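The file my_file-v5.cif comes next; it holds mmCIF, C-alpha atoms and all ligand atoms.
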```cif
data_query
loop_
_atom_site.group_PDB
_atom_site.id
_atom_site.type_symbol
_atom_site.label_atom_id
_atom_site.label_comp_id
_atom_site.auth_asym_id
_atom_site.auth_seq_id
_atom_site.Cartn_x
_atom_site.Cartn_y
_atom_site.Cartn_z
ATOM 1 C CA MET S 1 93.125 59.802 70.638
ATOM 2 C CA CYS S 2 89.825 59.410 68.865
ATOM 3 C CA SER S 3 89.080 62.332 66.584
ATOM 4 C CA LEU S 4 85.407 62.796 67.387
ATOM 5 C CA PHE S 5 84.316 65.874 65.479
ATOM 6 C CA LEU S 6 82.913 68.864 67.294
ATOM 7 C CA GLN S 7 79.295 69.794 66.955
ATOM 8 C CA GLY S 8 78.979 73.263 65.441
ATOM 9 C CA ASP S 9 77.847 76.018 67.777
ATOM 10 C CA ASP S 10 74.212 76.591 66.926
ATOM 11 C CA GLY S 11 73.659 79.122 69.674
ATOM 12 C CA LEU S 12 72.776 76.622 72.430
ATOM 13 C CA ASP S 13 74.735 77.676 75.481
ATOM 14 C CA ILE S 14 74.544 74.271 77.087
ATOM 15 C CA VAL S 15 76.163 72.665 74.029
ATOM 16 C CA GLN S 16 78.900 75.266 73.970
ATOM 17 C CA GLU S 17 79.508 74.897 77.700
ATOM 18 C CA LEU S 18 79.852 71.138 77.388
ATOM 19 C CA GLN S 19 82.322 71.575 74.534
ATOM 20 C CA ASP S 20 84.285 74.163 76.482
ATOM 21 C CA ALA S 21 84.430 71.744 79.436
ATOM 22 C CA GLY S 22 86.128 69.101 77.266
ATOM 23 C CA PHE S 23 83.355 67.054 75.660
ATOM 24 C CA ALA S 24 84.331 66.313 72.056
ATOM 25 C CA ARG S 25 80.835 65.803 70.739
ATOM 26 C CA VAL S 26 77.421 66.885 71.990
ATOM 27 C CA ILE S 27 74.223 65.339 70.612
ATOM 28 C CA VAL S 28 70.785 66.783 71.319
ATOM 29 C CA LEU S 29 67.837 64.395 70.956
ATOM 30 C CA ASP S 30 64.107 64.687 71.410
ATOM 31 C CA GLY S 31 63.160 63.370 74.860
ATOM 32 C CA ALA S 32 59.973 61.582 73.773
ATOM 33 C CA GLU S 33 61.791 59.918 70.852
ATOM 34 C CA CYS S 34 64.272 58.470 73.381
ATOM 35 C CA GLY S 35 61.580 57.143 75.707
ATOM 36 C CA VAL S 36 61.759 60.008 78.242
ATOM 37 C CA PRO S 37 58.545 61.921 77.424
ATOM 38 C CA ASP S 38 58.617 63.948 80.657
ATOM 39 C CA VAL S 39 61.601 66.010 79.431
ATOM 40 C CA GLY S 40 62.125 68.248 76.411
ATOM 41 C CA SER S 41 65.574 67.086 75.260
ATOM 42 C CA LEU S 42 68.101 64.408 76.054
ATOM 43 C CA VAL S 43 71.689 65.667 75.665
ATOM 44 C CA LEU S 44 74.473 63.115 75.161
ATOM 45 C CA ALA S 45 77.996 64.427 75.736
ATOM 46 C CA LEU S 46 80.911 62.243 74.583
ATOM 47 C CA TRP S 47 84.316 62.325 76.276
ATOM 48 C CA PRO S 48 86.954 60.345 74.331
ATOM 49 C CA TYR S 49 90.080 58.819 75.847
ATOM 50 C CA ALA S 50 93.333 57.460 74.479
ATOM 51 C CA ALA S 51 94.069 53.742 74.349
ATOM 52 C CA GLU S 52 96.822 52.402 76.595
ATOM 53 C CA ARG S 53 98.963 49.318 76.658
ATOM 54 C CA THR S 54 98.098 47.053 79.590
ATOM 55 C CA PRO S 55 101.207 46.249 81.640
ATOM 56 C CA MET S 56 101.358 42.533 82.465
ATOM 57 C CA THR S 57 103.890 42.779 85.286
ATOM 58 C CA GLY S 58 104.555 45.201 88.119
ATOM 59 C CA GLU S 59 101.944 47.551 89.500
ATOM 60 C CA ALA S 60 98.161 47.426 89.332
ATOM 61 C CA TRP S 61 96.500 48.966 86.282
ATOM 62 C CA VAL S 62 93.200 50.834 85.941
ATOM 63 C CA HIS S 63 91.601 51.132 82.507
ATOM 64 C CA PRO S 64 91.681 54.728 81.140
ATOM 65 C CA TYR S 65 87.885 54.639 80.771
ATOM 66 C CA TYR S 66 87.505 55.125 84.534
ATOM 67 C CA PHE S 67 89.708 58.241 84.618
ATOM 68 C CA ALA S 68 87.764 59.656 81.642
ATOM 69 C CA SER S 69 84.374 58.875 83.175
ATOM 70 C CA GLN S 70 85.281 60.642 86.435
ATOM 71 C CA ALA S 71 86.584 63.748 84.628
ATOM 72 C CA ALA S 72 83.469 63.789 82.429
ATOM 73 C CA TYR S 73 81.155 63.311 85.410
ATOM 74 C CA VAL S 74 82.704 66.259 87.282
ATOM 75 C CA ALA S 75 82.405 68.485 84.194
ATOM 76 C CA ALA S 76 78.785 67.527 83.436
ATOM 77 C CA ASP S 77 77.697 67.697 87.068
ATOM 78 C CA ASN S 78 79.146 71.222 87.400
ATOM 79 C CA ILE S 79 77.214 72.390 84.348
ATOM 80 C CA ALA S 80 73.982 70.767 85.553
ATOM 81 C CA ARG S 81 74.344 72.430 88.965
ATOM 82 C CA ARG S 82 75.015 75.805 87.337
ATOM 83 C CA HIS S 83 71.857 75.456 85.236
ATOM 84 C CA SER S 84 69.559 73.655 87.681
ATOM 85 C CA GLY S 85 67.211 76.659 87.555
ATOM 86 C CA ASP S 86 67.088 76.407 83.735
ATOM 87 C CA GLY S 87 65.607 72.895 83.616
ATOM 88 C CA VAL S 88 68.959 71.090 83.215
ATOM 89 C CA ILE S 89 69.290 67.796 85.153
ATOM 90 C CA TRP S 90 72.237 65.368 85.267
ATOM 91 C CA ARG S 91 70.941 61.831 84.574
ATOM 92 C CA GLU S 92 72.232 58.311 84.945
ATOM 93 C CA ASP S 93 68.924 56.444 84.857
ATOM 94 C CA ILE S 94 68.341 56.368 81.084
ATOM 95 C CA ARG S 95 69.424 53.268 79.144
ATOM 96 C CA LEU S 96 71.881 54.290 76.456
ATOM 97 C CA LYS S 97 72.253 51.086 74.460
ATOM 98 C CA PRO S 98 68.754 51.179 72.884
ATOM 99 C CA ILE S 99 69.389 54.825 71.927
ATOM 100 C CA PHE S 100 72.827 54.117 70.395
ATOM 101 C CA ALA S 101 71.286 51.199 68.513
ATOM 102 C CA ARG S 102 69.158 53.690 66.520
ATOM 103 C CA LEU S 103 71.410 56.777 66.544
ATOM 104 C CA PRO S 104 72.990 57.567 63.144
ATOM 105 C CA GLY S 105 76.659 56.535 63.045
ATOM 106 C CA PHE S 106 76.521 54.291 66.125
ATOM 107 C CA ALA S 107 76.249 50.514 66.339
ATOM 108 C CA GLN S 108 77.027 47.763 68.787
ATOM 109 C CA GLY S 109 79.718 45.133 68.374
ATOM 110 C CA ARG S 110 79.940 41.506 69.471
ATOM 111 C CA ASN S 111 81.934 42.772 72.446
ATOM 112 C CA THR S 112 78.626 44.406 73.623
ATOM 113 C CA ILE S 113 80.209 47.881 73.352
ATOM 114 C CA SER S 114 78.744 50.642 71.174
ATOM 115 C CA SER S 115 81.088 52.367 68.755
ATOM 116 C CA LEU S 116 80.903 55.380 66.491
ATOM 117 C CA SER S 117 81.758 55.060 62.816
ATOM 118 C CA GLY S 118 85.314 56.219 62.137
ATOM 119 C CA CYS S 119 86.118 56.704 65.837
ATOM 120 C CA GLY S 120 85.622 53.407 67.620
ATOM 121 C CA SER S 121 84.396 52.715 71.117
ATOM 122 C CA ARG S 122 86.823 54.614 73.343
ATOM 123 C CA PHE S 123 84.567 57.293 74.732
ATOM 124 C CA HIS S 124 82.480 57.861 77.827
ATOM 125 C CA VAL S 125 79.012 59.430 77.709
ATOM 126 C CA GLN S 126 77.382 61.796 80.170
ATOM 127 C CA MET S 127 73.631 62.504 79.960
ATOM 128 C CA LEU S 128 71.677 65.651 80.753
ATOM 129 C CA THR S 129 67.997 66.338 80.247
ATOM 130 C CA VAL S 130 66.846 69.838 79.367
ATOM 131 C CA THR S 131 63.295 71.188 79.631
ATOM 132 C CA PRO S 132 61.888 73.001 77.679
ATOM 133 C CA ALA S 133 63.110 71.290 74.530
ATOM 134 C CA MET S 134 66.161 72.419 72.516
ATOM 135 C CA ALA S 135 66.468 72.000 68.763
ATOM 136 C CA PRO S 136 67.545 68.375 68.135
ATOM 137 C CA THR S 137 70.847 67.783 66.338
ATOM 138 C CA HIS S 138 69.864 64.212 65.373
ATOM 139 C CA HIS S 139 66.822 61.934 65.189
ATOM 140 C CA LEU S 140 66.752 58.240 65.978
ATOM 141 C CA GLU S 141 66.276 55.894 63.064
ATOM 142 C CA ALA S 142 63.228 53.648 62.910
ATOM 143 C CA GLU S 143 65.147 50.360 63.041
ATOM 144 C CA GLU S 144 67.992 49.221 65.259
ATOM 145 C CA HIS S 145 71.309 48.950 63.421
ATOM 146 C CA PRO S 146 72.752 45.477 62.858
ATOM 147 C CA LEU S 147 76.025 44.494 64.577
ATOM 148 C CA ARG S 148 79.020 46.339 63.114
ATOM 149 C CA CYS S 149 81.077 43.161 62.875
ATOM 150 C CA GLY S 150 80.534 41.289 59.637
ATOM 151 C CA ASP S 151 82.506 38.051 59.835
ATOM 152 C CA CYS S 152 84.909 39.340 62.481
ATOM 153 C CA HIS S 153 85.094 37.337 65.733
ATOM 154 C CA LEU S 154 88.373 38.744 67.071
ATOM 155 C CA CYS S 155 87.004 39.836 70.448
ATOM 156 C CA GLU S 156 85.531 36.386 71.101
ATOM 157 C CA ARG S 157 88.995 34.914 70.684
ATOM 158 C CA ALA S 158 90.822 37.694 72.552
ATOM 159 C CA CYS S 159 88.780 37.573 75.763
ATOM 160 C CA PRO S 160 90.962 35.969 78.451
ATOM 161 C CA THR S 161 87.983 34.424 80.258
ATOM 162 C CA ASN S 162 85.963 33.343 77.215
ATOM 163 C CA ALA S 163 83.180 35.717 78.263
ATOM 164 C CA LEU S 164 82.068 36.299 74.656
ATOM 165 C CA GLU S 165 81.885 32.632 73.672
ATOM 166 C CA GLY S 166 79.425 31.917 70.885
ATOM 167 C CA GLY S 167 78.733 35.621 70.342
ATOM 168 C CA VAL S 168 76.867 35.778 73.667
ATOM 169 C CA PHE S 169 78.002 37.920 76.616
ATOM 170 C CA HIS S 170 78.549 35.673 79.640
ATOM 171 C CA ARG S 171 78.579 38.311 82.353
ATOM 172 C CA GLU S 172 79.610 35.869 85.052
ATOM 173 C CA ARG S 173 82.925 35.276 83.236
ATOM 174 C CA CYS S 174 83.845 38.917 82.500
ATOM 175 C CA LEU S 175 86.681 40.354 84.613
ATOM 176 C CA ARG S 176 84.912 43.702 84.988
ATOM 177 C CA ASN S 177 81.877 42.006 86.513
ATOM 178 C CA TRP S 178 83.977 40.651 89.405
ATOM 179 C CA GLN S 179 86.129 43.755 89.832
ATOM 180 C CA VAL S 180 83.082 45.897 90.623
ATOM 181 C CA GLY S 181 81.012 43.152 92.245
ATOM 182 C CA GLY S 182 82.639 42.796 95.670
ATOM 183 C CA THR S 183 82.079 39.047 95.976
ATOM 184 C CA VAL S 184 84.547 36.148 95.881
ATOM 185 C CA TYR S 185 86.084 35.752 92.404
ATOM 186 C CA PRO S 186 85.929 32.297 90.808
ATOM 187 C CA GLU S 187 89.414 30.795 90.680
ATOM 188 C CA GLU S 188 89.496 30.618 86.871
ATOM 189 C CA VAL S 189 88.774 34.375 86.728
ATOM 190 C CA ARG S 190 91.518 35.158 89.283
ATOM 191 C CA ARG S 191 94.087 33.408 87.127
ATOM 192 C CA GLN S 192 93.340 35.765 84.208
ATOM 193 C CA MET S 193 93.573 39.027 86.191
ATOM 194 C CA GLY S 194 97.145 39.900 85.292
ATOM 195 C CA THR S 195 97.642 43.450 86.587
ATOM 196 C CA ARG S 196 94.089 44.590 85.802
ATOM 197 C CA LEU S 197 92.777 46.058 89.053
ATOM 198 C CA ILE S 198 89.769 47.776 87.437
ATOM 199 C CA GLY S 199 88.771 47.301 83.819
ATOM 200 C CA CYS S 200 89.922 45.135 80.951
ATOM 201 C CA ASP S 201 90.751 46.249 77.431
ATOM 202 C CA GLU S 202 91.197 43.031 75.467
ATOM 203 C CA CYS S 203 87.874 43.061 73.605
ATOM 204 C CA GLN S 204 88.340 46.708 72.577
ATOM 205 C CA ARG S 205 92.044 46.547 71.723
ATOM 206 C CA CYS S 206 91.620 43.763 69.194
ATOM 207 C CA CYS S 207 88.660 45.459 67.476
ATOM 208 C CA PRO S 208 89.438 46.737 63.951
ATOM 209 C CA HIS S 209 87.153 49.726 64.586
ATOM 210 C CA ASN S 210 89.543 51.025 67.270
ATOM 211 C CA PRO S 211 92.954 52.631 66.777
ATOM 212 C CA ALA S 212 95.863 50.740 68.369
ATOM 213 C CA PRO S 213 97.197 51.917 71.760
ATOM 214 C CA GLU S 214 99.469 54.912 71.243
ATOM 215 C CA GLY S 215 101.240 55.351 74.543
ATOM 216 C CA GLU S 216 102.346 53.639 77.702
ATOM 217 C CA ASN S 217 99.923 53.372 80.573
ATOM 218 C CA ALA S 218 99.294 56.442 82.721
ATOM 219 C CA PRO S 219 100.941 56.346 86.171
ATOM 220 C CA MET S 220 98.737 54.653 88.749
ATOM 221 C CA PRO S 221 97.897 57.070 91.626
ATOM 222 C CA VAL S 222 98.390 54.356 94.308
ATOM 223 C CA THR S 223 100.652 51.292 94.504
ATOM 224 C CA LEU S 224 99.698 47.725 95.359
ATOM 225 C CA GLU S 225 101.703 48.086 98.543
ATOM 226 C CA GLU S 226 99.706 51.179 99.534
ATOM 227 C CA ILE S 227 96.403 49.407 98.883
ATOM 228 C CA MET S 228 97.510 46.502 101.046
ATOM 229 C CA ARG S 229 98.980 48.642 103.816
ATOM 230 C CA SER S 230 96.003 51.004 104.227
ATOM 231 C CA PRO S 231 93.071 50.162 101.943
ATOM 232 C CA LYS S 232 90.857 52.987 103.197
ATOM 233 C CA GLU S 233 93.459 55.708 102.572
ATOM 234 C CA ALA S 234 94.308 54.218 99.169
ATOM 235 C CA ALA S 235 90.611 54.162 98.247
ATOM 236 C CA VAL S 236 90.251 57.830 99.171
ATOM 237 C CA ALA S 237 93.338 58.732 97.100
ATOM 238 C CA LEU S 238 92.074 56.771 94.082
ATOM 239 C CA ARG S 239 88.521 58.071 94.427
ATOM 240 C CA ARG S 240 89.598 61.561 93.338
ATOM 241 C CA HIS S 241 90.688 60.109 89.985
ATOM 242 C CA ILE S 242 88.100 57.423 89.233
ATOM 243 C CA GLY S 243 85.126 58.084 91.523
ATOM 244 C CA ALA S 244 83.571 56.341 94.512
ATOM 245 C CA THR S 245 81.603 53.555 92.835
ATOM 246 C CA VAL S 246 84.611 51.428 91.904
ATOM 247 C CA THR S 247 86.824 52.255 94.887
ATOM 248 C CA MET S 248 85.269 50.471 97.842
ATOM 249 C CA PRO S 249 88.265 49.556 100.060
ATOM 250 C CA ASN S 250 87.572 45.811 100.374
ATOM 251 C CA ARG S 251 86.976 45.465 96.634
ATOM 252 C CA LEU S 252 90.289 47.157 95.900
ATOM 253 C CA LEU S 253 91.967 44.956 98.457
ATOM 254 C CA MET S 254 90.572 41.744 96.968
ATOM 255 C CA GLY S 255 91.801 42.749 93.518
ATOM 256 C CA ALA S 256 95.204 43.742 94.906
ATOM 257 C CA CYS S 257 95.563 40.352 96.651
ATOM 258 C CA ILE S 258 94.818 38.486 93.424
ATOM 259 C CA ILE S 259 97.277 40.621 91.425
ATOM 260 C CA ALA S 260 99.966 40.050 94.069
ATOM 261 C CA GLY S 261 99.389 36.296 93.769
ATOM 262 C CA VAL S 262 99.305 36.010 89.987
ATOM 263 C CA THR S 263 102.222 38.392 89.347
ATOM 264 C CA GLY S 264 104.556 36.832 91.929
ATOM 265 C CA ARG S 265 104.827 39.796 94.325
ATOM 266 C CA ARG S 266 106.580 38.004 97.196
ATOM 267 C CA ASP S 267 107.465 41.371 98.761
ATOM 268 C CA LEU S 268 103.769 41.686 99.652
ATOM 269 C CA ILE S 269 103.618 38.416 101.628
ATOM 270 C CA PRO S 270 103.565 40.172 105.062
ATOM 271 C CA HIS S 271 100.523 42.206 103.981
ATOM 272 C CA LEU S 272 98.816 39.146 102.504
ATOM 273 C CA TRP S 273 99.434 37.277 105.754
ATOM 274 C CA ARG S 274 97.731 40.046 107.731
ATOM 275 C CA HIS S 275 94.720 40.166 105.381
ATOM 276 C CA ALA S 276 94.371 36.381 105.392
ATOM 277 C CA GLY S 277 93.130 36.878 108.945
ATOM 278 C CA SER S 278 90.680 39.631 107.900
ATOM 279 C CA PRO S 279 87.207 39.663 109.472
ATOM 280 C CA SER S 280 85.915 39.973 105.890
ATOM 281 C CA ALA S 281 85.563 36.396 104.623
ATOM 282 C CA ALA S 282 85.985 37.567 100.993
ATOM 283 C CA VAL S 283 89.219 39.476 101.709
ATOM 284 C CA ALA S 284 90.583 36.575 103.782
ATOM 285 C CA GLU S 285 89.801 34.119 100.962
ATOM 286 C CA HIS S 286 91.684 36.149 98.315
ATOM 287 C CA ALA S 287 94.651 36.879 100.573
ATOM 288 C CA GLY S 288 94.942 33.202 101.570
ATOM 289 C CA TRP S 289 94.701 32.135 97.932
ATOM 290 C CA ALA S 290 97.401 34.630 96.902
ATOM 291 C CA LEU S 291 99.702 33.270 99.623
ATOM 292 C CA MET S 292 99.188 29.754 98.244
ATOM 293 C CA GLU S 293 100.043 31.053 94.755
ATOM 294 C CA LEU S 294 103.262 32.452 96.224
ATOM 295 C CA GLY S 295 104.053 29.130 97.881
ATOM 296 C CA VAL S 296 103.057 30.130 101.438
ATOM 297 C CA ARG S 297 100.471 28.235 103.477
ATOM 298 C CA TYR S 298 98.501 30.468 105.831
ATOM 299 C CA ILE S 299 97.948 28.987 109.287
ATOM 300 C CA PRO S 300 95.373 30.933 111.315
ATOM 301 C CA PRO S 301 96.496 31.826 114.854
ATOM 302 C CA GLU S 302 94.974 29.648 117.527
ATOM 303 C CA GLU S 303 91.911 30.979 119.293
ATOM 304 C CA PRO S 304 92.874 32.298 122.748
ATOM 305 C CA GLU S 305 91.606 30.161 125.589
ATOM 306 C CA ILE S 306 88.823 31.863 127.506
ATOM 307 C CA PRO S 307 89.054 31.011 131.198
HETATM 308 S S1 LIG S 401 86.191 43.198 79.307
HETATM 309 FE FE1 LIG S 401 87.781 41.605 79.248
HETATM 310 S S2 LIG S 401 86.886 39.875 80.348
HETATM 311 FE FE2 LIG S 401 85.183 41.242 79.836
HETATM 312 S S3 LIG S 401 84.405 40.495 77.858
HETATM 313 FE FE3 LIG S 401 85.945 42.070 77.373
HETATM 314 S S4 LIG S 401 87.860 40.934 77.109
HETATM 315 FE FE4 LIG S 401 86.426 39.593 78.181
HETATM 316 S S1 LIG S 402 86.488 42.759 67.440
HETATM 317 FE FE1 LIG S 402 85.339 42.201 65.591
HETATM 318 S S2 LIG S 402 83.600 41.006 66.388
HETATM 319 FE FE2 LIG S 402 84.437 42.141 68.109
HETATM 320 S S3 LIG S 402 83.252 44.043 68.239
HETATM 321 FE FE3 LIG S 402 85.071 44.474 66.978
HETATM 322 S S4 LIG S 402 84.400 44.103 64.868
HETATM 323 FE FE4 LIG S 402 82.897 43.128 66.214
#
```

Mind converting the file's structure to structure tokens?
Ligand code: SF4
Ligand code: SF4
Amino acid sequence: MCSLFLQGDDGLDIVQELQDAGFARVIVLDGAECGVPDVGSLVLALWPYAAERTPMTGEAWVHPYYFASQAAYVAADNIARRHSGDGVIWREDIRLKPIFARLPGFAQGRNTISSLSGCGSRFHVQMLTVTPAMAPTHHLEAEEHPLRCGDCHLCERACPTNALEGGVFHRERCLRNWQVGGTVYPEEVRRQMGTRLIGCDECQRCCPHNPAPEGENAPMPVTLEEIMRSPKEAAVALRRHIGATVTMPNRLLMGACIIAGVTGRRDLIPHLWRHAGSPSAAVAEHAGWALMELGVRYIPPEEPEIP
């Protein structure tokens, strides 16, 4: 677990409340300095998470970031609701990368992810704005920090889909882009899915700024079989742990079909057969492809004759 240090209690209740709720570091910035002149302060609250090994066989895997972001969201949203009469607002519409680029201790890497000196990149950030202004804990620096990479190119080589080729982020190749996108995955991306249902860790795990994974992966709240049998119920069950944005039933189902195909889950063939006839063209495409990967050719039932 990253050892982000705690901000000292300087008498600001909101800072203390965020710390008490589980945020490891709370940073108070001047709103105008961060490009949000209509508020007094921008508060960044960091929630770290432990690295996990990614299983390459068996059940689907969700990156620990998504569990952390949901827990952090619930905590921050509760505090914002409690203090809505005090000028505290939960925000998700402020771009963080330009702020991290000038915040002391932070810098971006070639993997496009911001990291904190001595701690790495395994944290999630929640944002609150507070008006009137609080005393800032930090000020942004005048210039953006250079990449924190030197001659290292490990993440470029580690990416399974070559999405960081040439030091440029090719979004259309990144696994995460397709997992949250809801459209038909390119075949070359499907073949690199492994068991990754949501999220991918390769470009963080190889980074020398991050500690190595310490433990096995956390148990997945739903199984591949459950996703395939009843996608809506599985989505509801998963939503409690990782939120609604990444748990649309058909998106989960498409990912589950691909994982079944690339990991050789022949026990799921009856489910794949059913979904190959799905009214959703995207689901049908992934289920049919997975059947082919498992050596089964899907033959659609004949249209009934209409007298
Ligand atoms: S998240 Fe995975 S697929 Fe995306 S750039 Fe990083 S290593 Fe590549
Ligand atoms: S793996 Fe190397 S190149 Fe990639 S972000 Fe980390 S330090 Fe930079």

Result set of the PyMOL selection byres (((not hetatm)) within 8 of (chain S and resi 402)) on the coordinates above, as a PyMOL selection string: chain S and resi 108-113+147-156+203-210

What are the nearest atom pairs, with distances in Å to one decimal, for all residues of chain S that come at most 9 Å from ligand LIG 401 (chain S), using only C-alpha atoms and all ligand atoms, set out by chain and rising residue number as a tab-separated table?
```
residue	atom	partner	partner_atom	distance
S:Asn111	CA	S:LIG401	S3	6.4
S:Thr112	CA	S:LIG401	S3	8.2
S:Cys155	CA	S:LIG401	S4	6.8
S:Glu156	CA	S:LIG401	FE4	7.8
S:Arg157	CA	S:LIG401	S4	8.9
S:Ala158	CA	S:LIG401	S4	6.3
S:Cys159	CA	S:LIG401	S4	3.7
S:Pro160	CA	S:LIG401	FE4	5.8
S:Thr161	CA	S:LIG401	S2	5.6
S:Asn162	CA	S:LIG401	FE4	6.3
S:Ala163	CA	S:LIG401	S3	4.9
S:Leu164	CA	S:LIG401	S3	5.8
S:Phe169	CA	S:LIG401	S3	7.0
S:His170	CA	S:LIG401	S3	7.8
S:Arg171	CA	S:LIG401	FE2	7.7
S:Arg173	CA	S:LIG401	S2	6.7
S:Cys174	CA	S:LIG401	FE2	3.8
S:Leu175	CA	S:LIG401	S2	4.3
S:Arg176	CA	S:LIG401	FE2	5.7
S:Asn177	CA	S:LIG401	FE2	7.5
S:Val189	CA	S:LIG401	S2	8.6
S:Gln192	CA	S:LIG401	S2	8.6
S:Met193	CA	S:LIG401	S2	8.9
S:Gly199	CA	S:LIG401	S1	6.6
S:Cys200	CA	S:LIG401	FE1	4.5
S:Asp201	CA	S:LIG401	S1	5.8
S:Glu202	CA	S:LIG401	S4	4.3
S:Cys203	CA	S:LIG401	S4	4.1
S:Gln204	CA	S:LIG401	FE3	7.1
S:Arg205	CA	S:LIG401	S4	8.8
```

Those selected residues, please, written with C-alpha atoms and delivered as an mmCIF file, in the coordinates of the input.
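And here's result_14.cif as it stands now:
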```cif
data_model
loop_
_atom_site.group_PDB
_atom_site.id
_atom_site.type_symbol
_atom_site.label_atom_id
_atom_site.label_comp_id
_atom_site.auth_asym_id
_atom_site.auth_seq_id
_atom_site.Cartn_x
_atom_site.Cartn_y
_atom_site.Cartn_z
ATOM 1 C CA ASN S 111 81.934 42.772 72.446
ATOM 2 C CA THR S 112 78.626 44.406 73.623
ATOM 3 C CA CYS S 155 87.004 39.836 70.448
ATOM 4 C CA GLU S 156 85.531 36.386 71.101
ATOM 5 C CA ARG S 157 88.995 34.914 70.684
ATOM 6 C CA ALA S 158 90.822 37.694 72.552
ATOM 7 C CA CYS S 159 88.780 37.573 75.763
ATOM 8 C CA PRO S 160 90.962 35.969 78.451
ATOM 9 C CA THR S 161 87.983 34.424 80.258
ATOM 10 C CA ASN S 162 85.963 33.343 77.215
ATOM 11 C CA ALA S 163 83.180 35.717 78.263
ATOM 12 C CA LEU S 164 82.068 36.299 74.656
ATOM 13 C CA PHE S 169 78.002 37.920 76.616
ATOM 14 C CA HIS S 170 78.549 35.673 79.640
ATOM 15 C CA ARG S 171 78.579 38.311 82.353
ATOM 16 C CA ARG S 173 82.925 35.276 83.236
ATOM 17 C CA CYS S 174 83.845 38.917 82.500
ATOM 18 C CA LEU S 175 86.681 40.354 84.613
ATOM 19 C CA ARG S 176 84.912 43.702 84.988
ATOM 20 C CA ASN S 177 81.877 42.006 86.513
ATOM 21 C CA VAL S 189 88.774 34.375 86.728
ATOM 22 C CA GLN S 192 93.340 35.765 84.208
ATOM 23 C CA MET S 193 93.573 39.027 86.191
ATOM 24 C CA GLY S 199 88.771 47.301 83.819
ATOM 25 C CA CYS S 200 89.922 45.135 80.951
ATOM 26 C CA ASP S 201 90.751 46.249 77.431
ATOM 27 C CA GLU S 202 91.197 43.031 75.467
ATOM 28 C CA CYS S 203 87.874 43.061 73.605
ATOM 29 C CA GLN S 204 88.340 46.708 72.577
ATOM 30 C CA ARG S 205 92.044 46.547 71.723
#
```

Residues near stretch 27-37 of chain S, cut-off 7 Å, all atoms listed in the file, skip fewer than 3 positions along chain, as number ranges by chain: S: 40-45, 99, 136-139

Two-atom distance - atom CA of S:Pro301, atom CA of S:Glu188 (Å): 28.9 Å

For S:Arg82, the nearest of the candidates S:His145, S:His271, S:Phe106, S:Ile14, counting all atoms listed in the file: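 Using all atoms listed in the file, the shortest distance to S:Arg82 belongs to S:Ile14.
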
Nearest residue to S:Arg239 from the set S:Val184, S:Val222, S:Val26, S:Val296 (distances using only C-alpha atoms):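 Closest to S:Arg239, using only C-alpha atoms: S:Val222.
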
Stretch 123-135 of chain S: axis-aligned bounding box, 4 Å on each side, centre and edge lengths in Å, one decimal, as lines of an AutoDock Vina configuration file:
```
center_x = 73.2
center_y = 65.1
center_z = 74.8
size_x = 30.7
size_y = 23.7
size_z = 20.0
```

Missing atoms in stretch 164-174 of chain S: can you complete it with N, CA and C atoms, as a PDB file, keeping the file's coordinate frame?
```pdb
ATOM      1  N   LEU S 164      82.863  35.985  75.848  1.00  0.00           N
ATOM      2  CA  LEU S 164      82.068  36.299  74.656  1.00  0.00           C
ATOM      3  C   LEU S 164      81.839  35.053  73.805  1.00  0.00           C
ATOM      4  N   GLU S 165      81.987  33.910  74.404  1.00  0.00           N
ATOM      5  CA  GLU S 165      81.885  32.632  73.672  1.00  0.00           C
ATOM      6  C   GLU S 165      80.557  32.528  72.926  1.00  0.00           C
ATOM      7  N   GLY S 166      80.631  32.129  71.684  1.00  0.00           N
ATOM      8  CA  GLY S 166      79.425  31.917  70.885  1.00  0.00           C
ATOM      9  C   GLY S 166      78.697  33.206  70.549  1.00  0.00           C
ATOM     10  N   GLY S 167      79.378  34.344  70.665  1.00  0.00           N
ATOM     11  CA  GLY S 167      78.733  35.621  70.342  1.00  0.00           C
ATOM     12  C   GLY S 167      77.736  36.066  71.399  1.00  0.00           C
ATOM     13  N   VAL S 168      77.783  35.417  72.564  1.00  0.00           N
ATOM     14  CA  VAL S 168      76.867  35.778  73.667  1.00  0.00           C
ATOM     15  C   VAL S 168      77.711  36.317  74.815  1.00  0.00           C
ATOM     16  N   PHE S 169      77.247  37.371  75.492  1.00  0.00           N
ATOM     17  CA  PHE S 169      78.002  37.920  76.616  1.00  0.00           C
ATOM     18  C   PHE S 169      77.683  37.115  77.877  1.00  0.00           C
ATOM     19  N   HIS S 170      78.716  36.451  78.407  1.00  0.00           N
ATOM     20  CA  HIS S 170      78.549  35.673  79.640  1.00  0.00           C
ATOM     21  C   HIS S 170      79.064  36.554  80.786  1.00  0.00           C
ATOM     22  N   ARG S 171      78.178  37.325  81.343  1.00  0.00           N
ATOM     23  CA  ARG S 171      78.579  38.311  82.353  1.00  0.00           C
ATOM     24  C   ARG S 171      79.368  37.691  83.492  1.00  0.00           C
ATOM     25  N   GLU S 172      78.983  36.494  83.879  1.00  0.00           N
ATOM     26  CA  GLU S 172      79.610  35.869  85.052  1.00  0.00           C
ATOM     27  C   GLU S 172      81.064  35.475  84.785  1.00  0.00           C
ATOM     28  N   ARG S 173      81.518  35.577  83.527  1.00  0.00           N
ATOM     29  CA  ARG S 173      82.925  35.276  83.236  1.00  0.00           C
ATOM     30  C   ARG S 173      83.759  36.542  83.040  1.00  0.00           C
ATOM     31  N   CYS S 174      83.122  37.688  82.859  1.00  0.00           N
ATOM     32  CA  CYS S 174      83.845  38.917  82.500  1.00  0.00           C
ATOM     33  C   CYS S 174      84.604  39.464  83.713  1.00  0.00           C
TER      34      CYS S 174
END
```
